[in-house]
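Here the structure comes first, spelled out in structure tokens, and everything after it is commentary.
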Amino acid sequence: MKRSAKVAISGVFSALALVCMLFTIFPYATYALAGLAGAILLPVALECGKPWAFGAYGVVSLLSLLLAPDMESKLLFVAFFGYYPILKLVLDRLNRVAGWAIKLAAFNAAMVASYLLMLYVFGLPADTFELFGVNLPLVFLLTGNVVFWLYDRVLSGFVVMYCTQWHDRVAHLLHYK
């Protein structure tokens, strides 16, 4: 594939991911839009390769930090959701148990680090993780692991769908196949 096609693909999908991050102005979409923005970068990894995808992740991360309105969403994108879809492509080639162990370790480390950063660096109120007056960060983390498993399954389906339905269309549109 020509370098100009890689630049075009990276630019278009990076712009779409950034638009998702800009829509975090809606408070109930904090986590979903960060995850969707990361998933939008998957075609860059599939079409152009992982180095280009990490470049797109870096660009979207930087622009999100400067432009996106929701601090929590920005931090979650930078800390996990932005690079995880690219990392998933690598980890899915490993032994199933080893791959999932690394995936869960990466997710939990990123979520705990994000939680601590939000509390102690960015000044998130401590009652953010309270339910009926009880502080439940561990319950939220366990629930997050279940949602992460679902997110991983959705990304797997998206990769299959993209490769079977959209790859040829993108290749034809950019005249590289």
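A note on labels: chains of the structure tokens are A, B, ... as shown, every chain counts residues from 1, and ligands are counted from 1 in their shown order.
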May I have the residues within 10 Å of Thr24 of chain A as a compact mmCIF listing (two decimals) with N, CA, C and O atoms, in the first residue's frame, using only C-alpha atoms and disregarding those fewer than 6 positions away in the same chain?
# COMPACT_ATOMS: atom_id res chain seq x y z
N THR A 30 -19.54 8.74 28.71
CA THR A 30 -18.13 8.83 29.05
C THR A 30 -17.35 7.58 28.68
O THR A 30 -16.35 7.64 27.98
N TYR A 31 -17.81 6.44 29.12
CA TYR A 31 -17.07 5.19 28.90
C TYR A 31 -17.32 4.63 27.50
O TYR A 31 -16.40 4.13 26.86
N ALA A 32 -18.55 4.71 27.06
CA ALA A 32 -18.91 4.14 25.75
C ALA A 32 -18.18 4.84 24.61
O ALA A 32 -17.68 4.18 23.69
N LEU A 33 -18.11 6.15 24.66
CA LEU A 33 -17.46 6.87 23.56
C LEU A 33 -15.94 6.70 23.57
O LEU A 33 -15.33 6.66 22.51
N ALA A 34 -15.35 6.55 24.73
CA ALA A 34 -13.91 6.27 24.79
C ALA A 34 -13.63 4.90 24.18
O ALA A 34 -12.67 4.72 23.43
N ALA A 68 -11.13 17.55 23.99
CA ALA A 68 -12.31 16.84 24.51
C ALA A 68 -12.73 17.42 25.86
O ALA A 68 -11.89 17.80 26.67
N PRO A 69 -14.03 17.48 26.11
CA PRO A 69 -14.51 18.14 27.32
C PRO A 69 -14.43 17.31 28.60
O PRO A 69 -14.27 17.86 29.68
N ASP A 70 -14.55 15.99 28.52
CA ASP A 70 -14.67 15.17 29.71
C ASP A 70 -13.31 14.59 30.12
O ASP A 70 -12.73 13.79 29.39
N MET A 71 -12.83 14.97 31.29
CA MET A 71 -11.51 14.54 31.76
C MET A 71 -11.45 13.03 31.97
O MET A 71 -10.47 12.38 31.64
N GLU A 72 -12.50 12.46 32.53
CA GLU A 72 -12.51 11.02 32.80
C GLU A 72 -12.43 10.23 31.49
O GLU A 72 -11.68 9.25 31.39
N SER A 73 -13.15 10.65 30.49
CA SER A 73 -13.14 9.98 29.20
C SER A 73 -11.77 10.10 28.53
O SER A 73 -11.26 9.13 27.96
N LYS A 74 -11.18 11.27 28.62
CA LYS A 74 -9.84 11.47 28.05
C LYS A 74 -8.83 10.52 28.69
O LYS A 74 -8.05 9.88 28.01
Based on DSSP run over this structure's backbone, return all residues of chain A in alpha helix (DSSP H), as a JSON list (two decimals) with C-alpha atoms, in the first residue's frame.
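Once written, selection_0.json looks like this:
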[["chain", "number", "residue", "atom", "x", "y", "z"],
["A", 3, "ARG", "CA", 2.20, 5.82, 1.92],
["A", 4, "SER", "CA", -0.45, 8.32, 0.78],
["A", 5, "ALA", "CA", -3.17, 5.68, 1.24],
["A", 6, "LYS", "CA", -1.89, 4.94, 4.74],
["A", 7, "VAL", "CA", -1.93, 8.64, 5.59],
["A", 8, "ALA", "CA", -5.49, 8.94, 4.24],
["A", 9, "ILE", "CA", -6.77, 5.93, 6.19],
["A", 10, "SER", "CA", -5.03, 7.05, 9.38],
["A", 11, "GLY", "CA", -6.31, 10.59, 9.03],
["A", 12, "VAL", "CA", -9.92, 9.66, 8.35],
["A", 13, "PHE", "CA", -10.18, 7.14, 11.17],
["A", 14, "SER", "CA", -8.28, 9.41, 13.57],
["A", 15, "ALA", "CA", -10.73, 12.21, 12.80],
["A", 16, "LEU", "CA", -13.68, 9.88, 13.45],
["A", 17, "ALA", "CA", -12.15, 8.77, 16.75],
["A", 18, "LEU", "CA", -11.60, 12.39, 17.75],
["A", 19, "VAL", "CA", -15.22, 13.24, 16.94],
["A", 20, "CYS", "CA", -16.26, 10.44, 19.31],
["A", 21, "MET", "CA", -14.08, 11.93, 22.00],
["A", 22, "LEU", "CA", -15.57, 15.38, 21.39],
["A", 30, "THR", "CA", -18.13, 8.83, 29.05],
["A", 31, "TYR", "CA", -17.07, 5.19, 28.90],
["A", 32, "ALA", "CA", -18.91, 4.14, 25.75],
["A", 33, "LEU", "CA", -17.46, 6.87, 23.56],
["A", 34, "ALA", "CA", -13.91, 6.27, 24.79],
["A", 35, "GLY", "CA", -14.33, 2.58, 23.90],
["A", 36, "LEU", "CA", -15.89, 3.41, 20.54],
["A", 37, "ALA", "CA", -13.07, 5.83, 19.71],
["A", 38, "GLY", "CA", -10.57, 3.05, 20.35],
["A", 39, "ALA", "CA", -12.53, 0.60, 18.21],
["A", 40, "ILE", "CA", -12.58, 3.11, 15.35],
["A", 42, "LEU", "CA", -8.91, -0.88, 14.48],
["A", 43, "PRO", "CA", -9.15, -0.45, 10.68],
["A", 44, "VAL", "CA", -5.92, 1.56, 10.78],
["A", 45, "ALA", "CA", -4.16, -1.40, 12.41],
["A", 46, "LEU", "CA", -5.73, -3.87, 9.98],
["A", 47, "GLU", "CA", -5.06, -1.86, 6.81],
["A", 48, "CYS", "CA", -1.83, 0.00, 7.57],
["A", 50, "LYS", "CA", 0.33, -1.55, 14.06],
["A", 51, "PRO", "CA", 2.95, 1.25, 13.87],
["A", 52, "TRP", "CA", 0.49, 3.43, 11.95],
["A", 53, "ALA", "CA", -2.27, 2.54, 14.38],
["A", 54, "PHE", "CA", -0.11, 3.53, 17.36],
["A", 55, "GLY", "CA", 0.65, 6.80, 15.55],
["A", 56, "ALA", "CA", -3.06, 7.42, 15.08],
["A", 57, "TYR", "CA", -3.62, 6.58, 18.75],
["A", 58, "GLY", "CA", -0.96, 9.13, 19.72],
["A", 59, "VAL", "CA", -2.53, 11.84, 17.58],
["A", 60, "VAL", "CA", -6.05, 11.19, 18.87],
["A", 61, "SER", "CA", -4.76, 11.03, 22.45],
["A", 62, "LEU", "CA", -2.99, 14.37, 22.17],
["A", 63, "LEU", "CA", -5.89, 16.10, 20.46],
["A", 64, "SER", "CA", -8.36, 14.58, 22.93],
["A", 65, "LEU", "CA", -6.34, 15.88, 25.85],
["A", 66, "LEU", "CA", -6.45, 19.35, 24.30],
["A", 67, "LEU", "CA", -10.00, 19.42, 22.93],
["A", 71, "MET", "CA", -11.51, 14.54, 31.76],
["A", 72, "GLU", "CA", -12.51, 11.02, 32.80],
["A", 73, "SER", "CA", -13.14, 9.98, 29.20],
["A", 74, "LYS", "CA", -9.84, 11.47, 28.05],
["A", 75, "LEU", "CA", -7.94, 9.62, 30.74],
["A", 76, "LEU", "CA", -9.66, 6.31, 29.97],
["A", 84, "TYR", "CA", -6.20, -1.80, 23.59],
["A", 85, "PRO", "CA", -7.77, -2.64, 20.20],
["A", 86, "ILE", "CA", -4.29, -2.60, 18.67],
["A", 87, "LEU", "CA", -2.87, -4.63, 21.54],
["A", 88, "LYS", "CA", -5.75, -7.09, 21.17],
["A", 89, "LEU", "CA", -4.62, -7.97, 17.65],
["A", 90, "VAL", "CA", -1.27, -9.04, 19.08],
["A", 91, "LEU", "CA", -2.63, -10.83, 22.16],
["A", 96, "ARG", "CA", -5.74, -18.29, 24.89],
["A", 97, "VAL", "CA", -4.97, -18.41, 28.63],
["A", 98, "ALA", "CA", -1.82, -16.29, 28.38],
["A", 99, "GLY", "CA", -3.57, -13.79, 26.13],
["A", 100, "TRP", "CA", -6.47, -13.36, 28.54],
["A", 101, "ALA", "CA", -4.15, -13.11, 31.53],
["A", 102, "ILE", "CA", -2.29, -10.24, 29.85],
["A", 103, "LYS", "CA", -5.54, -8.60, 28.72],
["A", 104, "LEU", "CA", -7.02, -8.69, 32.22],
["A", 105, "ALA", "CA", -3.77, -7.49, 33.79],
["A", 106, "ALA", "CA", -3.59, -4.57, 31.35],
["A", 107, "PHE", "CA", -7.23, -3.65, 31.92],
["A", 108, "ASN", "CA", -7.07, -3.80, 35.70],
["A", 109, "ALA", "CA", -3.76, -1.93, 35.89],
["A", 110, "ALA", "CA", -5.10, 0.80, 33.62],
["A", 111, "MET", "CA", -8.37, 1.13, 35.53],
["A", 112, "VAL", "CA", -6.70, 1.26, 38.97],
["A", 113, "ALA", "CA", -4.14, 3.78, 37.69],
["A", 114, "SER", "CA", -6.92, 5.88, 36.13],
["A", 115, "TYR", "CA", -8.93, 5.75, 39.35],
["A", 116, "LEU", "CA", -5.96, 6.86, 41.43],
["A", 117, "LEU", "CA", -5.04, 9.61, 38.98],
["A", 118, "MET", "CA", -8.59, 10.91, 38.93],
["A", 119, "LEU", "CA", -8.77, 10.94, 42.73],
["A", 120, "TYR", "CA", -5.34, 12.24, 43.70],
["A", 137, "PRO", "CA", -14.56, 0.92, 43.86],
["A", 138, "LEU", "CA", -13.88, -2.84, 44.00],
["A", 139, "VAL", "CA", -17.45, -3.64, 42.92],
["A", 140, "PHE", "CA", -17.11, -1.20, 40.04],
["A", 141, "LEU", "CA", -13.80, -2.82, 39.06],
["A", 142, "LEU", "CA", -15.32, -6.31, 39.08],
["A", 143, "THR", "CA", -18.27, -5.08, 37.04],
["A", 144, "GLY", "CA", -15.81, -3.37, 34.72],
["A", 145, "ASN", "CA", -14.07, -6.71, 34.13],
["A", 146, "VAL", "CA", -17.35, -8.21, 32.92],
["A", 147, "VAL", "CA", -17.97, -5.22, 30.65],
["A", 148, "PHE", "CA", -14.37, -5.47, 29.43],
["A", 149, "TRP", "CA", -14.94, -9.12, 28.46],
["A", 150, "LEU", "CA", -18.01, -8.01, 26.47],
["A", 151, "TYR", "CA", -16.00, -5.20, 24.87],
["A", 152, "ASP", "CA", -13.33, -7.68, 23.82],
["A", 153, "ARG", "CA", -15.96, -9.95, 22.26],
["A", 154, "VAL", "CA", -17.48, -7.01, 20.37],
["A", 155, "LEU", "CA", -14.04, -6.01, 19.08],
["A", 156, "SER", "CA", -13.49, -9.59, 17.86],
["A", 157, "GLY", "CA", -16.79, -9.44, 15.99],
["A", 158, "PHE", "CA", -15.89, -6.05, 14.56],
["A", 159, "VAL", "CA", -12.57, -7.40, 13.24],
["A", 160, "VAL", "CA", -14.34, -10.29, 11.52],
["A", 161, "MET", "CA", -17.01, -7.99, 10.09],
["A", 167, "HIS", "CA", -11.79, -4.44, 3.67],
["A", 168, "ASP", "CA", -12.45, -4.90, -0.05],
["A", 169, "ARG", "CA", -14.51, -1.69, -0.21],
["A", 170, "VAL", "CA", -11.78, 0.35, 1.47],
["A", 171, "ALA", "CA", -9.14, -1.22, -0.78],
["A", 172, "HIS", "CA", -11.20, -0.45, -3.89],
["A", 173, "LEU", "CA", -11.90, 3.10, -2.74]]
Self-check item: Separation of atom CA of Met1 of chain A from atom CA of His175 of chain A, in Å and rounded to one decimal
Solution: 9.1 Å
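On the backbone of this structure, DSSP gives strand (DSSP E) within segment 2-158 of chain A to Glu130, Leu131, Val134 and Asn135 of chain A.
Put simply, atom CA of Phe23 of chain A is 25.2 Å away from atom CA of Ala126 of chain A.
Going from atom CA of Ala29 of chain A to atom CA of Gly49 of chain A covers 29.1 Å.
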